[in-house]
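Below is the file final-v5.txt, which contains compact mmCIF, C-alpha atoms.
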```
# COMPACT_ATOMS: atom_id res chain seq x y z
CA MET G 1165 2.91 -37.63 15.92
CA ILE G 1166 4.76 -37.03 12.68
CA ILE G 1167 8.34 -38.32 12.86
CA ASP G 1168 10.54 -36.63 10.30
CA ARG G 1169 14.18 -37.62 10.66
CA PRO G 1170 16.26 -36.43 7.67
CA GLU G 1171 18.48 -39.52 7.79
CA SER G 1172 15.49 -41.75 7.04
CA HIS G 1173 13.98 -42.14 3.57
CA PHE G 1174 10.58 -42.42 5.23
CA ILE G 1175 8.47 -40.06 7.25
CA PHE G 1176 6.34 -41.80 9.85
CA VAL G 1177 3.12 -41.09 11.70
CA PHE G 1178 3.10 -42.95 15.02
CA PRO G 1179 1.04 -42.60 18.18
CA SER G 1180 2.87 -40.40 20.69
CA GLU G 1181 2.90 -43.30 23.15
CA HIS G 1182 4.96 -45.32 20.72
CA VAL G 1183 7.58 -42.59 20.51
CA GLU G 1184 7.55 -41.66 24.19
CA TYR G 1185 6.76 -44.94 25.98
CA GLY G 1186 7.39 -47.71 23.48
CA TYR G 1187 3.69 -48.50 22.97
CA ASN G 1188 3.46 -51.29 20.41
CA TYR G 1189 1.08 -50.12 17.68
CA ILE G 1190 1.34 -53.51 15.92
CA ASN G 1191 -1.50 -55.04 17.86
CA LEU G 1192 -5.06 -56.24 17.62
CA ARG G 1193 -7.33 -54.82 20.31
CA GLY G 1194 -4.29 -53.97 22.39
CA GLU G 1195 -2.67 -57.42 22.11
CA PRO G 1196 0.77 -57.27 20.39
CA LEU G 1197 1.16 -59.64 17.46
CA THR G 1198 3.55 -62.55 17.33
CA ASN G 1199 5.79 -63.04 14.30
CA LYS G 1200 3.34 -65.61 12.93
CA GLN G 1201 0.33 -63.35 13.46
CA TYR G 1202 2.17 -60.41 11.93
CA LEU G 1203 2.89 -62.35 8.76
CA GLU G 1204 -0.65 -63.70 8.56
CA HIS G 1205 -2.61 -60.54 9.32
CA TRP G 1206 -0.67 -57.29 9.24
CA GLY G 1207 -0.75 -55.15 6.14
CA LYS G 1208 -1.47 -51.74 4.69
CA TRP G 1209 -3.58 -49.68 2.40
CA LEU G 1210 -1.44 -48.14 -0.31
CA VAL G 1211 -1.92 -44.54 -1.33
CA PHE G 1212 -0.02 -42.74 -4.09
CA GLY G 1213 0.61 -39.07 -4.63
CA ASN G 1214 3.22 -36.40 -5.02
CA ARG G 1215 5.10 -35.33 -1.90
CA GLY G 1216 2.70 -32.51 -1.15
CA GLU G 1217 -0.34 -34.76 -1.43
CA VAL G 1218 0.95 -37.53 0.84
CA GLU G 1219 2.24 -34.97 3.31
CA ALA G 1220 -1.16 -33.29 3.48
CA LEU G 1221 -2.86 -36.64 3.97
CA ALA G 1222 -0.38 -37.58 6.71
CA LYS G 1223 -1.30 -34.44 8.65
CA LYS G 1224 -4.99 -35.31 8.36
CA LEU G 1225 -4.29 -38.88 9.49
CA ASP G 1226 -2.21 -37.79 12.49
CA PRO G 1227 -5.20 -37.31 14.84
CA PHE G 1228 -6.58 -40.71 13.86
CA VAL G 1229 -3.22 -42.28 14.65
CA GLU G 1230 -3.18 -40.54 18.04
CA GLU G 1231 -6.62 -41.96 18.73
CA HIS G 1232 -5.41 -45.44 17.63
CA ARG G 1233 -8.09 -45.57 14.94
CA VAL G 1234 -5.22 -45.88 12.44
CA PRO G 1235 -2.22 -47.74 13.91
CA ALA G 1236 0.57 -46.11 11.90
CA VAL G 1237 1.51 -44.52 8.59
CA LYS G 1238 4.69 -44.06 6.61
CA TYR G 1239 5.42 -42.32 3.34
CA ASP G 1240 8.30 -41.60 0.99
CA ARG G 1241 10.23 -38.44 1.72
CA LYS G 1242 11.02 -38.30 -2.00
CA LEU G 1243 10.78 -40.53 -5.03
CA ILE G 1244 12.94 -43.64 -4.83
CA THR G 1245 15.39 -43.17 -7.71
CA GLU G 1246 16.09 -46.88 -8.05
CA PHE G 1247 12.42 -47.65 -8.70
CA GLN G 1248 11.74 -44.94 -11.29
CA LEU G 1249 8.18 -44.35 -10.10
CA ASN G 1250 6.59 -40.95 -10.58
CA ARG G 1251 4.72 -40.82 -7.28
CA CYS G 1252 5.47 -41.21 -3.60
CA VAL G 1253 4.00 -44.21 -1.82
CA MET G 1254 2.17 -43.98 1.48
CA CYS G 1255 1.46 -47.08 3.59
CA VAL G 1256 -1.42 -46.93 6.06
CA TYR G 1257 -0.88 -49.89 8.36
CA CYS G 1258 -3.35 -52.03 10.27
CA HIS G 1259 -4.42 -55.57 11.09
CA TYR G 1260 -6.50 -57.26 8.36
CA TYR G 1261 -9.52 -57.35 10.69
CA GLN G 1262 -9.37 -53.56 11.06
CA ARG G 1263 -8.92 -52.74 7.42
CA ASP G 1264 -12.52 -51.77 6.70
CA ASP G 1265 -12.53 -49.33 9.61
CA VAL G 1266 -9.25 -47.81 8.45
CA TRP G 1267 -10.52 -47.63 4.86
CA GLU G 1268 -13.53 -45.70 6.12
CA VAL G 1269 -11.14 -43.06 7.50
CA LEU G 1270 -9.19 -42.92 4.24
CA ALA G 1271 -12.33 -42.67 2.12
CA GLU G 1272 -13.59 -39.81 4.30
CA LEU G 1273 -10.30 -38.04 3.64
CA GLY G 1274 -10.72 -38.42 -0.12
CA VAL G 1275 -8.69 -41.53 -0.97
CA LYS G 1276 -10.32 -43.28 -3.89
CA ASP G 1277 -8.17 -46.19 -5.06
CA LYS G 1278 -8.24 -49.33 -2.96
CA ALA G 1279 -5.09 -51.41 -2.75
CA TRP G 1280 -4.52 -53.68 0.26
CA MET G 1281 -1.21 -55.47 0.61
CA PHE G 1282 -0.15 -57.85 3.37
CA GLU G 1283 3.27 -57.21 4.87
CA ARG G 1284 4.27 -60.79 4.04
CA GLU G 1285 3.81 -59.91 0.36
CA THR G 1286 6.07 -56.89 0.75
CA LEU G 1287 8.68 -58.91 2.62
CA GLU G 1288 8.68 -61.53 -0.14
CA LYS G 1289 9.41 -58.79 -2.67
CA TRP G 1290 12.46 -57.76 -0.64
CA MET G 1291 13.87 -61.29 -0.54
CA PRO G 1292 16.41 -62.57 -3.12
CA GLY G 1293 14.66 -62.78 -6.48
CA GLY G 1294 11.86 -60.50 -5.28
CA VAL G 1295 10.90 -57.67 -7.62
CA ASN G 1296 11.76 -54.88 -5.17
CA LEU G 1297 15.18 -56.16 -4.12
CA GLU G 1298 16.23 -57.01 -7.67
CA LYS G 1299 15.02 -53.66 -9.00
CA TRP G 1300 16.87 -51.88 -6.20
CA ILE G 1301 20.08 -53.83 -6.95
CA GLN G 1302 19.72 -53.02 -10.64
CA GLY G 1303 19.10 -49.34 -9.85
CA ARG G 1304 22.29 -49.19 -7.82
CA ASN G 1305 24.33 -50.71 -10.69
CA MET G 1306 25.88 -53.27 -8.38
CA ASP G 1307 28.32 -55.83 -9.65
CA ALA G 1308 27.54 -59.50 -9.21
CA GLU G 1309 29.50 -59.82 -5.96
CA GLN G 1310 27.91 -56.79 -4.33
CA ALA G 1311 24.47 -57.94 -5.45
CA GLU G 1312 25.00 -61.35 -3.92
CA ARG G 1313 26.10 -59.81 -0.65
CA VAL G 1314 22.95 -57.71 -0.56
CA ARG G 1315 20.82 -60.78 -1.29
CA GLU G 1316 22.52 -62.80 1.41
CA GLY G 1317 22.11 -59.92 3.85
CA ALA G 1318 18.39 -59.73 3.14
CA ARG G 1319 17.99 -63.48 3.52
CA GLU G 1320 19.83 -63.53 6.85
CA ARG G 1321 18.05 -60.48 8.22
CA PHE G 1322 14.63 -61.92 7.58
CA ARG G 1323 15.63 -65.34 8.85
CA LYS G 1324 16.66 -63.81 12.17
CA MET G 1325 13.57 -61.58 12.41
CA PHE G 1326 11.13 -64.44 12.01
CA ALA G 1327 13.06 -67.34 13.55
CA ASP G 1328 10.56 -67.74 16.39
CA ASP G 1329 6.91 -67.86 15.32
CA ASP G 1330 5.68 -67.16 18.83
CA ALA G 1331 7.95 -64.25 19.70
CA ILE G 1332 6.33 -60.82 19.72
CA PHE G 1333 7.07 -59.07 16.43
CA THR G 1334 9.51 -56.24 17.04
CA GLY G 1335 9.47 -54.37 13.74
CA VAL G 1336 11.40 -54.03 10.52
CA ASP G 1337 14.38 -51.68 10.40
CA GLN G 1338 13.63 -49.04 7.77
CA MET K 479 -22.69 -53.99 -16.01
CA ASN K 480 -20.42 -51.08 -15.21
CA ILE K 481 -17.00 -51.25 -13.62
CA ASN K 482 -14.41 -48.56 -12.93
CA ILE K 483 -10.76 -49.14 -13.74
CA ARG K 484 -7.85 -47.09 -12.45
CA LEU K 485 -4.42 -47.85 -13.78
CA ASN K 486 -2.03 -46.37 -11.23
CA LEU K 487 1.11 -47.45 -13.00
CA LEU K 488 3.17 -44.51 -11.73
CA GLY K 489 5.08 -44.07 -14.97
CA VAL K 490 6.08 -47.73 -15.34
CA LEU K 491 3.96 -48.09 -18.48
CA ASP K 492 3.06 -45.39 -20.95
CA LEU K 493 -0.73 -45.48 -21.20
CA LYS K 494 -3.27 -43.68 -23.35
CA GLN K 495 -6.01 -43.95 -20.73
CA ASN K 496 -5.39 -44.28 -17.00
CA GLU K 497 -9.02 -44.36 -16.04
CA LEU K 498 -11.79 -46.28 -17.75
CA ASP K 499 -15.44 -46.88 -17.07
CA LEU K 500 -16.38 -50.00 -18.96
CA ASP K 501 -19.68 -51.66 -19.59
CA ILE K 502 -18.97 -55.38 -19.53
CA ALA K 503 -21.00 -58.54 -19.86
CA ALA K 504 -22.03 -60.58 -16.84
CA GLU K 505 -19.53 -63.34 -15.96
CA THR K 506 -16.62 -61.37 -17.44
CA THR K 507 -13.35 -62.64 -16.02
CA VAL K 508 -10.14 -60.78 -15.29
CA GLU K 509 -8.64 -62.49 -18.33
CA THR K 510 -11.28 -61.00 -20.61
CA LEU K 511 -11.04 -57.64 -18.88
CA LEU K 512 -7.34 -57.41 -19.73
CA GLU K 513 -8.25 -57.81 -23.39
CA LEU K 514 -10.88 -55.06 -23.09
CA ILE K 515 -8.41 -52.70 -21.43
CA ASP K 516 -5.91 -53.56 -24.17
CA ARG K 517 -8.28 -52.09 -26.78
CA HIS K 518 -7.87 -48.72 -25.05
CA ASN K 519 -4.19 -49.20 -24.17
CA PRO K 520 -2.50 -51.38 -26.82
CA GLY K 521 0.20 -53.54 -25.30
CA PHE K 522 -1.32 -53.45 -21.82
CA ARG K 523 -2.33 -57.11 -21.80
CA ALA K 524 1.12 -58.26 -22.93
CA ALA K 525 2.78 -56.13 -20.24
CA LEU K 526 0.48 -57.38 -17.48
CA THR K 527 0.77 -61.09 -18.20
CA GLY K 528 3.71 -63.38 -17.62
CA GLU K 529 4.88 -66.27 -19.78
CA ASP K 530 2.46 -68.60 -18.02
CA GLY K 531 -0.48 -66.37 -18.90
CA THR K 532 -1.12 -65.24 -15.33
CA ILE K 533 -0.67 -61.73 -13.95
CA SER K 534 3.02 -60.85 -14.13
CA ARG K 535 4.76 -60.52 -10.76
CA GLN K 536 5.75 -57.02 -11.89
CA PHE K 537 2.18 -55.83 -11.31
CA VAL K 538 -0.60 -56.19 -8.76
CA PHE K 539 -4.21 -56.30 -9.90
CA PHE K 540 -6.77 -55.37 -7.27
CA ILE K 541 -10.52 -55.85 -7.26
CA ASN K 542 -12.09 -53.70 -4.55
CA GLY K 543 -8.72 -53.56 -2.86
CA ARG K 544 -8.06 -57.33 -2.91
CA ASN K 545 -5.17 -58.81 -4.83
CA VAL K 546 -6.68 -60.94 -7.58
CA MET K 547 -3.98 -63.59 -6.97
CA GLN K 548 -5.68 -64.17 -3.59
CA LEU K 549 -9.00 -64.66 -5.37
CA GLU K 550 -9.29 -66.82 -8.51
CA GLY K 551 -6.52 -65.15 -10.49
CA MET K 552 -7.31 -64.69 -14.16
CA LYS K 553 -10.51 -66.70 -13.71
CA THR K 554 -11.92 -64.27 -11.14
CA VAL K 555 -15.38 -63.20 -12.24
CA LEU K 556 -16.19 -59.51 -12.00
CA ALA K 557 -19.37 -58.07 -10.51
CA ALA K 558 -21.30 -54.88 -11.15
CA GLY K 559 -19.74 -51.91 -9.42
CA ASP K 560 -16.33 -53.55 -8.98
CA ALA K 561 -13.44 -51.10 -8.70
CA ILE K 562 -10.27 -52.23 -10.41
CA ASN K 563 -6.87 -50.84 -9.51
CA VAL K 564 -3.57 -51.91 -11.06
CA ILE K 565 -0.21 -50.89 -9.64
CA PRO K 566 3.43 -51.81 -10.24
CA ALA K 567 4.50 -54.43 -7.69
CA ILE K 568 7.50 -52.36 -6.60
CA ALA K 569 5.10 -49.68 -5.41
CA GLY K 570 3.84 -51.94 -2.66
CA GLY K 571 6.08 -50.57 0.06
```
Would you mind giving the structure from this file in structure tokens?
Amino acid sequence: MIIDRPESHFIFVFPSEHVEYGYNYINLRGEPLTNKQYLEHWGKWLVFGNRGEVEALAKKLDPFVEEHRVPAVKYDRKLITEFQLNRCVMCVYCHYYQRDDVWEVLAELGVKDKAWMFERETLEKWMPGGVNLEKWIQGRNMDAEQAERVREGARERFRKMFADDDAIFTGVDQ
Amino acid sequence: MNINIRLNLLGVLDLKQNELDLDIAAETTVETLLELIDRHNPGFRAALTGEDGTISRQFVFFINGRNVMQLEGMKTVLAAGDAINVIPAIAGG
């Protein structure tokens, strides 16, 4: 199911059961991941394209997401001004152990360039000093005080999210 | 041996050639490959490497989809048929 809420920067592709019944797509063989397992094993294939290209690919991926062959997808609604990139980014999520199977789907749909990134790598980039957070702060022309508040907010948010290694991972607010 | 290189830098660097098929010697490392790419895209090697000589944290260098920093870094040895992909780090979601 394609979830397109105008207030969100991202457009998501989730299984209907996630939207309607709270099915947790962050799992391995049906078993939800703990915070520790999420950081160790969850990640995504990265795909780049203009809005039309990623949108078309999302529609093709939707049936695979419904079948749980691809856990979930998200892509940029538009270019992120702060990052000054010339393409939208699509993330095709799965557990590391499933990545070859998910790549097979992507390759069948014409994706050529392989780029796997663990979520822990992405989270590190959004921590204070991380390339994404610092670029975003710079792009927003924040003063030093605002920037420090944003950094502290990121630090605290992630500390709370991952405080308990054994708790079931409940997602990142996006 | 032949390898394919795709530089998906999404406008972060101005490149002459985004895609290269290179014939390289056996035992070529990532370090040497950067120099070879630099011959086609002057300045590429300087942009990709940090002060310590490793891949700059501003970029991610993939070999067959795997981040080279999770392999042997600059010392990673390439194999025939390897697919190289380089992206800006901020494009990683």
Checklist entry - atom CA of K:Ile541 and atom CA of G:Tyr1189, how far apart in Å? => result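 For atom CA of G:Tyr1189 relative to atom CA of K:Ile541, the distance reads 28.1 Å.
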Next on the checklist: Given all atoms listed in the file as the basis, pick out the residue of K:Gln495, K:Asn519, K:Asn542, K:Ser534 nearest to K:Ala557.
Outcome noted: K:Asn542
Next on the checklist: Give me, as a PyMOL selection string, the residues of chain G touching chain K, with the criterion being at most 12 Å (counting only C-alpha atoms).
Outcome noted: chain G and resi 1174+1207-1214+1237-1240+1243-1244+1246-1257+1260+1263-1264+1267+1276-1290+1293-1300+1338
Item to check | Counting only C-alpha atoms, the option among G:Arg1215, G:His1259, G:Lys1224, G:Arg1169 closest to G:Pro1196 | outcome: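 So, comparing all the options, the nearest one is G:His1259.
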Checklist entry - Which residue gives the smallest distance to K:Gly531 among K:Asp499, K:Met552, K:Arg517, K:Val546, with all atoms listed in the file counted? => result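 For K:Gly531, the nearest of the given residues is K:Met552.
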Item to check | Nearby residues (all atoms listed in the file) at most 12 Å from G:Glu1268, same-chain spacing under 6 positions excluded, as a count of residues only | outcome: 10
Residue neighbourhood stretch 1311-1325 of chain G, 7 Å, all atoms listed in the file, exclusion window fewer than 5 positions, as a JSON list (two decimals) with C-alpha atoms, in the frame of the given file:
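Produced file part-v7.json, reproduced below:
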```json
[["chain", "number", "residue", "atom", "x", "y", "z"],
["G", 1291, "MET", "CA", 13.87, -61.29, -0.54],
["G", 1292, "PRO", "CA", 16.41, -62.57, -3.12],
["G", 1301, "ILE", "CA", 20.08, -53.83, -6.95],
["G", 1306, "MET", "CA", 25.88, -53.27, -8.38]]
```
